[in-house]
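Just data25.tsv here, TSV, C-alpha atoms and all ligand atoms:
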```
chain	number	residue	atom	x	y	z
M	1	MET	CA	-7.00	-3.63	17.58
M	2	PHE	CA	-8.69	-2.82	14.27
M	3	HIS	CA	-12.04	-4.10	15.50
M	4	SER	CA	-12.07	-1.73	18.48
M	5	ALA	CA	-10.85	1.15	16.25
M	6	ARG	CA	-13.66	0.32	13.82
M	7	ILE	CA	-16.23	0.33	16.65
M	8	LYS	CA	-14.90	3.67	17.96
M	9	LEU	CA	-14.99	5.22	14.50
M	10	THR	CA	-18.51	3.82	14.00
M	11	LEU	CA	-19.65	5.43	17.25
M	12	TRP	CA	-18.18	8.77	16.19
M	13	TYR	CA	-19.93	8.58	12.81
M	14	VAL	CA	-23.24	7.65	14.50
M	15	LEU	CA	-22.83	10.46	17.03
M	16	ILE	CA	-22.30	13.02	14.29
M	17	ILE	CA	-25.17	11.69	12.14
M	18	MET	CA	-27.52	11.57	15.17
M	19	PHE	CA	-26.56	15.09	16.22
M	20	VAL	CA	-27.35	16.41	12.74
M	21	SER	CA	-30.56	14.39	12.54
M	22	MET	CA	-31.79	15.51	15.97
M	23	MET	CA	-31.00	19.16	15.22
M	24	PHE	CA	-32.99	18.73	12.04
M	25	SER	CA	-35.92	17.13	13.88
M	26	PHE	CA	-35.82	19.86	16.53
M	27	ILE	CA	-36.01	22.61	13.89
M	28	ILE	CA	-38.85	20.84	12.02
M	29	TYR	CA	-40.74	20.18	15.23
M	30	ASN	CA	-40.42	23.80	16.38
M	31	GLY	CA	-41.41	25.17	12.99
M	32	ILE	CA	-44.54	23.01	12.71
M	33	ASN	CA	-45.38	23.53	16.37
M	34	ASN	CA	-45.32	27.29	15.90
M	35	GLU	CA	-47.70	26.90	12.97
M	36	PHE	CA	-50.05	24.79	15.13
M	37	GLY	CA	-49.77	27.39	17.90
M	38	ARG	CA	-50.78	30.16	15.54
M	39	PHE	CA	-53.69	28.08	14.29
M	40	GLU	CA	-54.69	27.28	17.88
M	41	ARG	CA	-54.63	30.95	18.90
M	42	TYR	CA	-56.65	31.83	15.83
M	43	GLN	CA	-59.25	29.19	16.71
M	44	GLN	CA	-59.39	30.41	20.29
M	45	ILE	CA	-60.17	33.94	19.10
M	46	ARG	CA	-62.84	32.58	16.75
M	47	ILE	CA	-64.47	30.64	19.61
M	48	GLU	CA	-64.42	33.66	21.90
M	49	ARG	CA	-65.91	35.86	19.20
M	50	GLU	CA	-68.50	33.24	18.41
M	51	GLN	CA	-69.51	33.12	22.09
M	52	GLN	CA	-69.87	36.87	22.03
M	53	GLY	CA	-72.13	36.42	19.00
M	54	LEU	CA	-69.83	38.38	16.69
M	55	PHE	CA	-69.69	35.71	13.93
M	56	PRO	CA	-72.10	33.06	12.67
M	57	PRO	CA	-71.08	29.89	14.66
M	58	PRO	CA	-68.63	27.62	12.75
M	59	PRO	CA	-69.11	23.91	13.64
M	60	LEU	CA	-66.86	21.48	15.66
M	61	ARG	CA	-64.43	24.00	17.28
M	62	SER	CA	-63.46	21.81	20.27
M	63	ILE	CA	-62.94	18.76	18.05
M	64	GLU	CA	-60.57	20.82	15.91
M	65	ILE	CA	-58.52	21.79	18.97
M	66	GLY	CA	-58.38	18.10	20.02
M	67	MET	CA	-57.17	17.22	16.53
M	68	ILE	CA	-54.37	19.76	16.78
M	69	GLU	CA	-53.14	18.13	20.00
M	70	GLU	CA	-53.40	14.72	18.37
M	71	SER	CA	-51.44	15.91	15.30
M	72	ARG	CA	-48.78	17.33	17.56
M	73	GLN	CA	-48.35	13.96	19.30
M	74	ARG	CA	-48.38	12.13	16.00
M	75	LEU	CA	-45.70	14.45	14.63
M	76	SER	CA	-43.46	13.81	17.67
M	77	MET	CA	-44.02	10.09	17.21
M	78	ILE	CA	-43.16	10.21	13.52
M	79	LEU	CA	-40.00	12.23	14.19
M	80	PHE	CA	-39.02	9.78	16.94
M	81	VAL	CA	-39.50	6.78	14.63
M	82	VAL	CA	-37.57	8.57	11.86
M	83	ASP	CA	-34.72	9.29	14.29
M	84	VAL	CA	-34.60	5.64	15.41
M	85	GLY	CA	-34.61	4.60	11.74
M	86	ILE	CA	-31.77	7.00	10.99
M	87	LEU	CA	-29.90	5.63	14.02
M	88	ILE	CA	-30.15	2.05	12.76
M	89	ILE	CA	-29.33	2.87	9.13
M	90	SER	CA	-26.51	5.25	10.06
M	91	ALA	CA	-25.01	2.68	12.46
M	92	GLY	CA	-24.82	0.14	9.61
M	93	ALA	CA	-23.47	2.73	7.15
M	94	ALA	CA	-20.99	4.07	9.71
M	95	TYR	CA	-19.71	0.57	10.50
M	96	PHE	CA	-19.21	-0.03	6.78
M	97	LEU	CA	-17.52	3.37	6.29
M	98	ALA	CA	-15.28	2.86	9.32
M	99	GLY	CA	-14.17	-0.47	7.86
M	100	LYS	CA	-13.49	1.15	4.49
M	101	THR	CA	-11.53	3.99	6.11
M	102	LEU	CA	-9.40	1.61	8.14
M	103	ARG	CA	-8.79	-0.99	5.41
M	104	PRO	CA	-5.70	0.67	3.82
M	105	ILE	CA	-4.20	1.25	7.27
M	106	LYS	CA	-4.94	-2.35	8.21
M	107	GLU	CA	-3.33	-3.62	5.01
M	108	MET	CA	-0.30	-1.44	5.61
M	109	VAL	CA	0.17	-2.73	9.15
M	110	GLU	CA	-0.30	-6.33	8.00
M	111	GLU	CA	2.23	-5.76	5.23
M	112	GLN	CA	4.65	-4.26	7.74
M	113	ASN	CA	4.21	-7.24	10.06
M	114	ARG	CA	4.81	-9.64	7.19
M	115	PHE	CA	7.90	-7.66	6.27
M	116	ILE	CA	9.27	-7.85	9.82
M	117	THR	CA	8.53	-11.59	10.05
M	118	ASP	CA	10.17	-12.29	6.68
M	119	ALA	CA	13.17	-10.14	7.51
M	120	SER	CA	13.72	-11.74	10.94
M	121	HIS	CA	13.39	-15.17	9.39
M	122	GLU	CA	15.98	-14.36	6.72
M	123	LEU	CA	18.33	-12.87	9.29
M	124	ARG	CA	18.00	-15.82	11.64
M	125	THR	CA	19.34	-18.47	9.26
M	126	PRO	CA	22.77	-16.93	8.56
M	127	LEU	CA	23.07	-15.74	12.17
M	128	THR	CA	22.43	-19.26	13.47
M	129	ALA	CA	25.01	-20.66	11.06
M	130	LEU	CA	27.51	-18.05	12.16
M	131	ARG	CA	26.90	-18.74	15.83
M	132	THR	CA	27.13	-22.53	15.47
M	133	GLU	CA	30.37	-22.26	13.52
M	134	ILE	CA	31.96	-20.03	16.17
M	135	GLU	CA	30.72	-22.19	19.08
M	136	VAL	CA	31.97	-25.43	17.55
M	137	ASN	CA	35.39	-23.97	16.86
M	138	LEU	CA	35.65	-22.40	20.30
M	139	ARG	CA	35.07	-25.81	21.88
M	140	ASP	CA	37.97	-27.24	19.89
M	141	LYS	CA	40.90	-26.93	22.29
M	142	LYS	CA	43.45	-27.80	19.61
M	143	LEU	CA	42.30	-25.19	17.14
M	144	SER	CA	45.28	-24.16	15.04
M	145	LEU	CA	46.04	-20.62	13.94
M	146	ASP	CA	45.38	-21.58	10.32
M	147	ALA	CA	42.00	-23.10	11.19
M	148	ALA	CA	41.15	-20.01	13.24
M	149	LYS	CA	42.00	-17.79	10.27
M	150	THR	CA	39.87	-19.89	7.94
M	151	LEU	CA	37.03	-19.60	10.42
M	152	LEU	CA	37.42	-15.84	10.64
M	153	LYS	CA	37.45	-15.57	6.85
M	154	SER	CA	34.27	-17.59	6.57
M	155	ASN	CA	32.70	-15.48	9.34
M	156	LEU	CA	33.67	-12.33	7.50
M	157	ASP	CA	31.96	-13.61	4.32
M	158	GLU	CA	28.80	-14.26	6.31
M	159	VAL	CA	28.98	-10.78	7.86
M	160	VAL	CA	29.41	-9.19	4.42
M	161	ASN	CA	26.34	-11.10	3.22
M	162	LEU	CA	24.37	-10.02	6.26
M	163	GLN	CA	25.39	-6.44	5.66
M	164	SER	CA	24.14	-6.62	2.07
M	165	LEU	CA	20.89	-8.17	3.34
M	166	SER	CA	20.37	-5.34	5.81
M	167	ASP	CA	21.20	-2.78	3.07
M	168	ASN	CA	18.61	-4.41	0.80
M	169	LEU	CA	16.02	-4.44	3.57
M	170	LEU	CA	16.68	-0.77	4.17
M	171	THR	CA	16.30	0.04	0.46
M	172	LEU	CA	13.09	-1.96	0.27
M	173	SER	CA	11.56	-0.23	3.30
M	174	GLN	CA	12.71	3.11	1.93
M	175	PHE	CA	10.73	2.56	-1.28
M	176	GLN	CA	7.88	0.56	0.27
M	177	TYR	CA	5.73	3.53	1.26
M	178	LYS	CA	6.92	6.17	-1.17
M	179	ASN	CA	4.11	7.19	-3.47
M	180	GLY	CA	6.03	9.06	-6.12
M	181	ASN	CA	4.62	12.48	-5.38
M	182	GLY	CA	6.89	15.37	-4.67
M	183	PHE	CA	10.27	13.98	-5.61
M	184	TRP	CA	10.07	14.13	-9.41
M	185	GLU	CA	12.93	15.66	-11.31
M	186	GLU	CA	13.74	15.74	-15.01
M	187	ILE	CA	16.33	13.07	-15.73
M	188	SER	CA	18.28	11.81	-18.70
M	189	LEU	CA	18.00	8.08	-19.32
M	190	SER	CA	21.51	7.91	-20.85
M	191	GLU	CA	23.01	9.44	-17.76
M	192	ILE	CA	21.32	6.85	-15.56
M	193	MET	CA	22.28	3.92	-17.80
M	194	ASN	CA	25.92	5.05	-18.12
M	195	ASN	CA	26.08	5.23	-14.35
M	196	VAL	CA	24.54	1.78	-13.99
M	197	VAL	CA	26.89	0.22	-16.55
M	198	LYS	CA	29.88	1.77	-14.77
M	199	LYS	CA	28.79	0.17	-11.51
M	200	ILE	CA	28.31	-3.33	-12.94
M	201	THR	CA	31.27	-3.42	-15.36
M	202	PRO	CA	33.78	-4.77	-12.77
M	203	LEU	CA	31.44	-7.68	-12.06
M	204	ALA	CA	30.93	-8.32	-15.80
M	205	ARG	CA	34.71	-8.30	-16.41
M	206	GLN	CA	35.18	-11.13	-13.92
M	207	LYS	CA	33.02	-13.32	-16.19
M	208	ASN	CA	34.21	-11.76	-19.42
M	209	ILE	CA	30.68	-10.57	-20.14
M	210	VAL	CA	30.19	-7.67	-22.56
M	211	ILE	CA	27.56	-5.09	-21.71
M	212	GLU	CA	26.18	-3.43	-24.85
M	213	ASN	CA	24.47	-0.21	-23.92
M	214	LYS	CA	22.15	0.92	-26.76
M	215	VAL	CA	19.73	2.93	-24.64
M	216	LYS	CA	18.71	6.22	-26.26
M	217	ASN	CA	18.81	9.47	-24.43
M	218	TYR	CA	15.16	9.97	-23.54
M	219	THR	CA	14.16	12.46	-20.92
M	220	LEU	CA	11.72	11.43	-18.25
M	221	LYS	CA	10.49	12.55	-14.90
M	222	GLY	CA	11.25	10.48	-11.85
M	223	ASP	CA	13.49	9.71	-8.95
M	224	LYS	CA	17.09	9.49	-10.17
M	225	GLN	CA	18.35	7.44	-7.24
M	226	GLY	CA	15.40	5.06	-7.49
M	227	LEU	CA	15.72	4.47	-11.23
M	228	THR	CA	19.48	3.93	-10.93
M	229	GLU	CA	18.80	1.35	-8.20
M	230	LEU	CA	16.21	-0.36	-10.43
M	231	PHE	CA	18.57	-0.79	-13.41
M	232	VAL	CA	21.51	-1.75	-11.19
M	233	ILE	CA	19.35	-4.61	-9.87
M	234	LEU	CA	18.36	-5.78	-13.36
M	235	LEU	CA	21.83	-5.49	-14.85
M	236	ASP	CA	23.44	-7.08	-11.79
M	237	ASN	CA	21.05	-10.04	-12.11
M	238	ALA	CA	21.67	-10.30	-15.87
M	239	VAL	CA	25.41	-10.58	-15.21
M	240	LYS	CA	25.00	-12.80	-12.10
M	241	TYR	CA	22.81	-15.33	-13.91
M	242	SER	CA	24.70	-15.30	-17.22
M	243	THR	CA	27.34	-17.71	-18.38
M	244	LYS	CA	30.89	-16.56	-19.01
M	245	ASN	CA	31.76	-14.85	-22.32
M	246	SER	CA	28.17	-13.86	-23.08
M	247	VAL	CA	26.58	-10.52	-23.97
M	248	VAL	CA	24.09	-8.44	-21.99
M	249	LEU	CA	22.17	-5.99	-24.15
M	250	LEU	CA	20.49	-2.79	-22.99
M	251	THR	CA	18.02	-1.26	-25.48
M	252	SER	CA	15.15	1.19	-25.46
M	253	ASN	CA	12.21	2.35	-27.52
M	254	LYS	CA	9.49	4.91	-27.12
M	255	THR	CA	5.83	5.18	-28.01
M	256	ASP	CA	3.61	8.24	-27.47
M	257	SER	CA	3.04	7.52	-23.85
M	258	VAL	CA	5.61	4.93	-22.75
M	259	ILE	CA	9.38	4.51	-22.66
M	260	ASN	CA	10.47	0.84	-22.68
M	261	ILE	CA	13.93	-0.15	-21.49
M	262	GLU	CA	15.02	-3.74	-22.04
M	263	VAL	CA	17.72	-5.72	-20.24
M	264	ILE	CA	18.43	-8.83	-22.31
M	265	ASP	CA	20.84	-11.57	-21.28
M	266	GLN	CA	21.95	-14.90	-22.75
M	267	GLY	CA	21.99	-16.57	-19.35
M	268	GLU	CA	20.49	-19.65	-17.79
M	269	GLY	CA	16.87	-18.44	-18.05
M	270	ILE	CA	14.02	-18.84	-15.57
M	271	LYS	CA	11.60	-21.76	-15.47
M	272	GLU	CA	8.02	-20.93	-16.38
M	273	GLU	CA	6.71	-22.04	-12.98
M	274	ASP	CA	9.13	-19.65	-11.25
M	275	LEU	CA	8.28	-16.61	-13.38
M	276	PRO	CA	5.15	-15.55	-11.44
M	277	HIS	CA	7.10	-15.59	-8.16
M	278	ILE	CA	10.44	-13.97	-8.91
M	279	PHE	CA	9.14	-10.52	-7.91
M	280	ASP	CA	8.03	-11.80	-4.48
M	281	ARG	CA	10.05	-10.76	-1.49
M	282	PHE	CA	12.78	-13.28	-0.57
M	283	TYR	CA	11.90	-15.55	-3.48
M	284	ARG	CA	14.92	-17.23	-5.02
M	285	VAL	CA	14.80	-19.92	-7.65
M	286	ASP	CA	16.08	-23.09	-5.97
M	287	LYS	CA	18.85	-23.56	-8.46
M	288	ALA	CA	20.24	-20.15	-7.56
M	289	ARG	CA	20.01	-20.94	-3.86
M	290	SER	CA	22.20	-23.98	-4.26
M	291	LYS	CA	24.79	-22.06	-6.25
M	292	GLU	CA	27.12	-20.94	-3.55
M	293	ASN	CA	28.96	-18.41	-5.69
M	294	ILE	CA	25.75	-16.51	-6.45
M	295	THR	CA	24.86	-14.35	-3.49
M	296	GLY	CA	21.52	-12.71	-2.97
M	297	TYR	CA	18.47	-12.86	-0.79
M	298	GLY	CA	15.69	-12.62	-3.33
M	299	LEU	CA	14.99	-8.98	-2.56
M	300	GLY	CA	16.33	-7.32	-5.72
M	301	LEU	CA	13.35	-7.82	-8.01
M	302	SER	CA	10.80	-6.86	-5.34
M	303	ILE	CA	12.70	-3.59	-4.85
M	304	ALA	CA	12.84	-3.09	-8.64
M	305	ARG	CA	9.10	-3.68	-9.02
M	306	LYS	CA	8.31	-1.29	-6.17
M	307	ILE	CA	10.43	1.46	-7.79
M	308	ALA	CA	8.70	0.89	-11.15
M	309	GLU	CA	5.29	1.10	-9.45
M	310	ILE	CA	6.21	4.36	-7.74
M	311	HIS	CA	6.93	5.72	-11.22
M	312	LYS	CA	3.53	4.44	-12.40
M	313	GLY	CA	5.37	1.96	-14.56
M	314	GLU	CA	5.77	-1.81	-14.66
M	315	ILE	CA	8.31	-4.57	-15.22
M	316	LYS	CA	7.65	-7.54	-17.49
M	317	VAL	CA	9.77	-10.60	-17.98
M	318	VAL	CA	10.09	-13.24	-20.68
M	319	SER	CA	12.55	-16.07	-20.37
M	320	LYS	CA	13.63	-19.28	-22.03
M	321	ILE	CA	15.63	-21.89	-20.18
M	322	GLY	CA	19.16	-22.13	-21.57
M	323	LYS	CA	18.57	-19.18	-23.93
M	324	GLY	CA	18.24	-16.13	-21.73
M	325	THR	CA	15.95	-13.62	-20.11
M	326	LYS	CA	14.50	-10.27	-21.10
M	327	PHE	CA	13.26	-7.78	-18.51
M	328	THR	CA	11.26	-4.84	-19.91
M	329	VAL	CA	10.74	-1.77	-17.77
M	330	SER	CA	7.93	0.46	-19.03
M	331	LEU	CA	7.79	3.99	-17.69
M	332	PRO	CA	5.38	6.82	-18.59
M	333	ALA	CA	7.05	9.12	-21.14
E	401	LIG	P1	18.49	-12.44	-5.90
E	401	LIG	O1	19.15	-12.17	-7.21
E	401	LIG	O2	19.08	-11.68	-4.78
E	401	LIG	O3	18.35	-13.89	-5.62
E	401	LIG	P2	16.15	-11.22	-7.07
E	401	LIG	O4	14.88	-10.79	-6.44
E	401	LIG	O5	16.96	-10.19	-7.77
E	401	LIG	O6	16.99	-11.92	-5.94
E	401	LIG	O7	15.82	-12.38	-8.09
E	401	LIG	C1	14.98	-13.44	-7.72
E	401	LIG	C2	15.32	-14.70	-8.48
E	401	LIG	O8	15.01	-14.54	-9.86
E	401	LIG	C3	16.79	-15.02	-8.44
E	401	LIG	O9	17.11	-15.81	-7.35
E	401	LIG	C4	17.03	-15.74	-9.76
E	401	LIG	O10	16.79	-17.11	-9.59
E	401	LIG	C5	15.95	-15.21	-10.68
E	401	LIG	N1	16.50	-14.25	-11.65
E	401	LIG	C6	16.47	-12.89	-11.58
E	401	LIG	N2	17.04	-12.34	-12.67
E	401	LIG	C7	17.43	-13.34	-13.45
E	401	LIG	C8	18.09	-13.42	-14.73
E	401	LIG	N3	18.43	-12.33	-15.42
E	401	LIG	N4	18.30	-14.64	-15.24
E	401	LIG	C9	17.97	-15.75	-14.57
E	401	LIG	N5	17.34	-15.75	-13.36
E	401	LIG	C10	17.08	-14.58	-12.81
```
How does the structure come out when it is put into structure tokens?
Amino acid sequence: MFHSARIKLTLWYVLIIMFVSMMFSFIIYNGINNEFGRFERYQQIRIEREQQGLFPPPPLRSIEIGMIEESRQRLSMILFVVDVGILIISAGAAYFLAGKTLRPIKEMVEEQNRFITDASHELRTPLTALRTEIEVNLRDKKLSLDAAKTLLKSNLDEVVNLQSLSDNLLTLSQFQYKNGNGFWEEISLSEIMNNVVKKITPLARQKNIVIENKVKNYTLKGDKQGLTELFVILLDNAVKYSTKNSVVLLTSNKTDSVINIEVIDQGEGIKEEDLPHIFDRFYRVDKARSKENITGYGLGLSIARKIAEIHKGEIKVVSKIGKGTKFTVSLPA
């Protein structure tokens, strides 16, 4: 698909370049030809006058006229060769330019395809489990009411998980191709963080985790909904992957150009070999996968990173197994 688009674009570029080059040649040819014509007419008059004995005879008149014809042919030849040269060079340049023009579109389509493949793959596993469970139980002729209820409860859990997966996929695709222009508003960091803490507090209470919010009230420009989503993801993870009765700390500091917001937990930590991958889509550290009480599809951090990028910021992470993890979000002040 992209190859044929590239060829088509190349042909269009070549056509435009050739049109310009031929117009140019035509104008040059006509201009020089007119000059030759004037010179030719002038020579003709000189010859006629010479024959009438009006001037002393200048030498080699007919040879001069032959030379003019020869020059004319040579000029056409040179222009033809130049045009062919331009055709070859412009074809190469156009092919290169067409490739360059199409590259971002190609990358975007490839990324979209990868996204669809990943998403379908992630959806297939729980759906298959759900289907198998229902089929097996339907075949059981002596299925009791209690067993049926247990089955329905387990099915409901799966459906809730699937719903959160589809919500996450939607959020990710929503932020995937935003570029941060045109939706900036002035926002207060405290307001965002208070909101985020309010959302995660019920979850923290279940594990008796204290959230200490020490973020200062800086003002920055950005997308309120996006930044709230980003810190909900980080705080939710901090609570999810922390042990009971621990503390999650939210702090901030500011330099001339950057506002740093830190989410620090005293949780299980992340292994060094996992750190480079945790921002990848659908990446979950194996340990987390096996923990049945910790739900998630490995989409949170990729959404968070995307939102930070849209704000021309970044997220860094440092972690120590058994000690805890610190995520630092840096946003332009
Ligand atoms: P999810 O939490 O849905 O699995 P994320 O993309 O949010 O997906 O996180 C990816 C992985 O990074 C998680 O599976 C978890 O193993 C690890 N992780 C993220 N945050 C923390 C944290 N604060 N402490 C320990 N591990 C974490």
Requested in this report: Using CA of Asp256 (chain M) and CA of Val318 (chain M) as the two end points, give the distance in Å to one decimal.
Outcome: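 Between these atoms lies a distance of 23.4 Å.
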Report task. Please give me, as a ChimeraX atom specification, the residues lying within 6 Å of ligand LIG 401 (chain E) when counting all atoms listed in the file. Result -> /M:237-238,241,267-270,278-279,283-285,288,296-302,325
Go ahead and write the selection's residues with C-alpha atoms as a compact mmCIF listing (two decimals), in the frame of the given file.
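Final output, again_21.txt:
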```txt
# COMPACT_ATOMS: atom_id res chain seq x y z
CA ASN M 237 21.05 -10.04 -12.11
CA ALA M 238 21.67 -10.30 -15.87
CA TYR M 241 22.81 -15.33 -13.91
CA GLY M 267 21.99 -16.57 -19.35
CA GLU M 268 20.49 -19.65 -17.79
CA GLY M 269 16.87 -18.44 -18.05
CA ILE M 270 14.02 -18.84 -15.57
CA ILE M 278 10.44 -13.97 -8.91
CA PHE M 279 9.14 -10.52 -7.91
CA TYR M 283 11.90 -15.55 -3.48
CA ARG M 284 14.92 -17.23 -5.02
CA VAL M 285 14.80 -19.92 -7.65
CA ALA M 288 20.24 -20.15 -7.56
CA GLY M 296 21.52 -12.71 -2.97
CA TYR M 297 18.47 -12.86 -0.79
CA GLY M 298 15.69 -12.62 -3.33
CA LEU M 299 14.99 -8.98 -2.56
CA GLY M 300 16.33 -7.32 -5.72
CA LEU M 301 13.35 -7.82 -8.01
CA SER M 302 10.80 -6.86 -5.34
CA THR M 325 15.95 -13.62 -20.11
```
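The closest residue to Phe115 (chain M), picked from M:Ile192, M:Leu156, M:Leu162, M:Leu170 and counting all atoms listed in the file, is M:Leu170.
Atom pair CA of Ser173 (chain M) / CA of Ile116 (chain M) has a distance of 10.3 Å (rounded to one decimal).
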Requested in this report: Using CA of Glu262 (chain M) and CA of Leu250 (chain M) as the two end points, give the distance in Å to one decimal.
Outcome: 5.6 Å
Requested in this report: Just give me the residues with any atom within 12 Å of (8.5, 5.7, -7.3), file coordinates, counting all atoms listed in the file, written as number ranges by chain.
Outcome: M: 172, 174-185, 221-230, 303-314, 331-332
Report task. For Ser252 (chain M), list every protein, DNA or RNA residue within 12 Å, evaluated using all atoms listed in the file, and leave out those in the same chain fewer than 5 positions away; present the list as a PyMOL selection string. Result -> chain M and resi 189-190+193+212-218+258-264+327-331
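Closest approach to Lys8 (chain M) among M:Gly37, M:Gly99, M:Gly66, M:Gly85 is made by M:Gly99 (distances from all atoms listed in the file).
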Query raised in the report: If we count all atoms listed in the file, what is near Ile200 (chain M) at a cut-off of 10 Å, once residues fewer than 2 positions away on the same chain are taken out, given as a list in words?
Result: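 Those residues are Asn195, Val196, Val197, Lys198, Pro202, Leu203, Ala204, Arg205, Ile211, Val232, Ile233, Leu235, Asp236, Asn237 and Val239 of chain M.
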Query - Counting all atoms listed in the file, the residue of M:Leu249, M:Ile17, M:Val109, M:Ala333 that sits nearest Glu186 (chain M) - result: M:Ala333
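Using all atoms listed in the file for every distance, the candidate list M:Thr150, M:Lys254, M:Leu15, M:Ser21 yields M:Ser21 as the residue closest to Val82 (chain M).
Those residues that approach Val14 (chain M) to within 10 Å, counting only C-alpha atoms, are Lys8, Leu9, Phe19, Val20, Ile86, Leu87, Ile88, Ile89, Ser90, Ala91, Gly92, Ala93, Ala94 and Tyr95 of chain M; same-chain residues fewer than 5 positions away are not listed.
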**Report entry** Counting only C-alpha atoms, the option among M:Arg103, M:Thr132, M:Thr295, M:Ile321 closest to Asp157 (chain M)
**Finding:**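 For Asp157 (chain M), the nearest of the candidates is M:Thr295.
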Requested in this report: Pick out the residues sitting within 12 Å of Glu133 (chain M), and hand them over as a PyMOL selection string; count only C-alpha atoms, and ignore anything fewer than 4 positions along from it in its own chain.
Outcome: chain M and resi 126-129+137-140+147-148+150-155+158
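Using only C-alpha atoms, the nearest neighbour of Lys320 (chain M) within the list M:Lys199, M:Lys100, M:Arg49, M:Lys271 is M:Lys271.
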